[in-house]
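Okay, structure first, notes after.
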Amino acid sequence: MKTRKLVGLFSLSLVTFVASLALAGMTFAAPITYTFSGTGSGTVNGDPFASADYTITLIGDTTAITKPSNDYFLVATQVTMAITTVGTATVTDSVWIFNGQQASRLGIGRDGPGNLLDVGNAAFATYALATSLGPISGLNASSLHQFTNLASTLGPITLSSSGPVTFQASLGSTWTGDVSIAWKITIVSKNAAGDSKFKKLSSSFTGTMEMYFGENGPQPNTEGCYVKFSGGDGSTICIKQIVSISTDIEKSRTDQFLLIGTGTMAIVMEGTPLSGIGYLDSKGTLKKVGGEISAITLSGKIGGGGGEGNDQAFVLSGNAKTTLTEQVD
């Protein structure tokens, strides 16, 4: 059995926590999502649509990227096309994304007719499909004369014209699970005479917990959160700095890990919003299938505190427990 060493150094005070990312050595799938969006006209199952917003989404695995010649290729595992005036269709043709660095062109195609849509930009001269990129807006769409009768669950799709296109590639996966937290809260306030008063409250938090992973382990989402709690009442806790230690047992179906982190919180208590610093002190199990993570169970303490000047402050704590599974769009 190998035990991963702590891969971050941290210092802890009442209000600060500095740490570096861990869970190194864990093997996560490397899904990547590419989107092409714009406004265009065409037909779906013979029915016309005009000047409608559309989004073409391709999902693939970076481990399947190939370079048979001068271009990078990836056959998508899932492709959808959403058109505002029509709906969302799942494409049933085999579709791939390509990037030609020499020509600085990127696009999508299918077997037979070839390219369906491609765009050019200097950023594509060094892009190899395996990393996040963009969004890049204002791209000119070409090759649309071949975007005809693309097979889908809504019938054949033809995109005959398009305005400027926006492209984005997002690497990583989101793991989510339901969570319920029983809060114990102490609020400190001062009366007119300047005396401190303590008020103890109990409340509950019901919502979801999300963790975000890329090819090499945990990564932050667009808000900078490695772990995020979202409550039905609008409460949020965003863990922005983490440090962890984990086991890596060959041929085992599970590995264990500890994860500590801090960030920001904004919760609602009896209709009053409270904001401050949040923390997570947890342990968990990584369930594996074929060497890849299939589910994550996590439990631990969560809490934090804050205040508004010297007039009011609060501290709270609770226990969180959840099982996370990979979110599939």
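We label chains A, B, ... in the order they appear in the structure tokens, count residues from 1 in each chain, and number ligands from 1 in the order shown.
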Using only C-alpha atoms, find each residue in stretch 50-122 of chain A having at least one atom no more than 12 Å away from stretch 169-178 of chain A; report its shortest atom-to-atom pair and that distance in Å (one decimal), rows by chain then rising number, as a Markdown table.
| residue | atom | partner | partner_atom | distance |
| --- | --- | --- | --- | --- |
| A:Ile56 | CA | A:Ala169 | CA | 11.9 |
| A:Thr57 | CA | A:Ala169 | CA | 9.8 |
| A:Leu58 | CA | A:Ala169 | CA | 9.4 |
| A:Ile59 | CA | A:Ser170 | CA | 9.6 |
| A:Gly60 | CA | A:Leu171 | CA | 9.8 |
| A:Asp61 | CA | A:Leu171 | CA | 9.3 |
| A:Thr62 | CA | A:Leu171 | CA | 8.7 |
| A:Ile97 | CA | A:Ala169 | CA | 11.2 |
| A:Leu106 | CA | A:Ala169 | CA | 11.6 |
Would you mind exporting C-alpha atoms of the selected residues as a PDB file, in the first residue's frame?
ATOM      1  CA  ILE A  56     -24.083  22.514 -30.906  1.00  0.00           C
ATOM      2  CA  THR A  57     -22.540  20.577 -28.002  1.00  0.00           C
ATOM      3  CA  LEU A  58     -20.000  17.782 -28.425  1.00  0.00           C
ATOM      4  CA  ILE A  59     -18.749  15.676 -25.508  1.00  0.00           C
ATOM      5  CA  GLY A  60     -15.680  13.466 -25.754  1.00  0.00           C
ATOM      6  CA  ASP A  61     -12.767  12.001 -23.824  1.00  0.00           C
ATOM      7  CA  THR A  62      -9.335  13.569 -24.230  1.00  0.00           C
ATOM      8  CA  ILE A  97     -14.235  17.613 -33.946  1.00  0.00           C
ATOM      9  CA  LEU A 106     -11.231  24.167 -36.063  1.00  0.00           C
TER      10      LEU A 106
END
* Would you mind writing down, as number ranges by chain, each residue of stretch 25-128 of chain A that DSSP on the backbone assigns to strand (DSSP E or B)? => A: 31-44, 47-61, 66, 71-75, 78-83, 87-91, 95-100, 105-110, 114-120
* To do: Extract, using only C-alpha atoms, all DNA, RNA and protein residues at most 9 Å from A:Gly163, discarding same-chain residues fewer than 6 positions from it, and format them as a list in words.
  =>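 Near neighbours after the sequence-gap exclusion: Gly38, Thr39, Gly40, Ser51, Gly138, Leu139, Asn140 and Ala141 of chain A.
Near A:Phe314, within 6 Å and counting only C-alpha atoms, sit Thr186, Ile187, Val188, Gly305 and Gly306 of chain A; same-chain residues fewer than 6 positions away were not included.
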* Which of these residues is nearest to A:Asp71, using only C-alpha atoms: A:Cys225, A:Val179, A:Ala128, A:Leu116? ->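 When distances to A:Asp71 are compared using only C-alpha atoms, the smallest one comes from A:Ala128.
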* Smallest atom-to-atom distance to A:Gly42: which of A:Gly120, A:Pro156, A:Ala103, A:Gly112, using only C-alpha atoms? ->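 Of A:Gly120, A:Pro156, A:Ala103, A:Gly112, the one nearest A:Gly42, counting only C-alpha atoms, is A:Pro156.
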* Asked: With only C-alpha atoms as the atoms that count, which of A:Ala320, A:Leu280, A:Val86, A:Val289 lies nearest to A:Ala182?
  ->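 Closest to A:Ala182, using only C-alpha atoms: A:Ala320.
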* Surrounding residues of A:Ile83 excluding itself and chain neighbours under 4 positions, 9 Å, only C-alpha atoms, as a list in words -> Phe49, Ala52, Asp53, Tyr54, Thr55, Ile56, Gly87, Thr88 and Ala89 of chain A
Could you turn the residues from that selection into a file that holds N, CA and C atoms, as a compact mmCIF listing (two decimals), in the first residue's frame?
# COMPACT_ATOMS: atom_id res chain seq x y z
N PHE A 49 -36.62 26.90 -39.90
CA PHE A 49 -36.45 27.84 -38.79
C PHE A 49 -35.57 28.97 -39.31
N ALA A 52 -32.73 31.79 -35.64
CA ALA A 52 -32.90 31.19 -34.31
C ALA A 52 -31.53 30.94 -33.67
N ASP A 53 -31.48 31.15 -32.38
CA ASP A 53 -30.25 30.85 -31.64
C ASP A 53 -30.06 29.33 -31.59
N TYR A 54 -28.83 28.89 -31.82
CA TYR A 54 -28.54 27.45 -31.76
C TYR A 54 -27.25 27.22 -30.97
N THR A 55 -27.15 26.04 -30.39
CA THR A 55 -25.92 25.61 -29.71
C THR A 55 -25.67 24.14 -30.06
N ILE A 56 -24.51 23.88 -30.61
CA ILE A 56 -24.08 22.51 -30.91
C ILE A 56 -23.09 22.11 -29.82
N GLY A 87 -36.23 23.07 -30.32
CA GLY A 87 -35.99 22.16 -29.22
C GLY A 87 -34.57 21.64 -29.28
N THR A 88 -34.31 20.58 -28.52
CA THR A 88 -32.97 19.98 -28.46
C THR A 88 -32.99 18.60 -29.08
N ALA A 89 -32.12 18.40 -30.06
CA ALA A 89 -32.03 17.12 -30.76
C ALA A 89 -30.73 16.42 -30.38
* Considering only C-alpha atoms, return as a ChimeraX atom specification whatever protein or nucleic-acid residues lie within 12 Å of stretch 129-132 of chain A, sequence-local ones (same chain, fewer than 3 positions apart) excluded. => /A:30-35,58-67,71-76,96-101,105-107,123-126,135-136,167-172,214-216,221-222
* Give the answer as one residue: which of A:Gln102, A:Ser180, A:Thr285, A:Ser161 has the shortest atom-to-atom distance to A:Ile302, using only C-alpha atoms? =>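 Among the listed residues, A:Ser180 lies closest to A:Ile302.
Among the candidate residues A:Asp111, A:Asp118, A:Glu210, A:Asp281, the one lying nearest to A:Ser317 is A:Asp281, with distances computed using only C-alpha atoms.
Contact shell of A:Cys238 at 6 Å (only C-alpha atoms; same-chain neighbours under 2 positions omitted): Cys225, Lys228, Gly263 and Thr264 of chain A.
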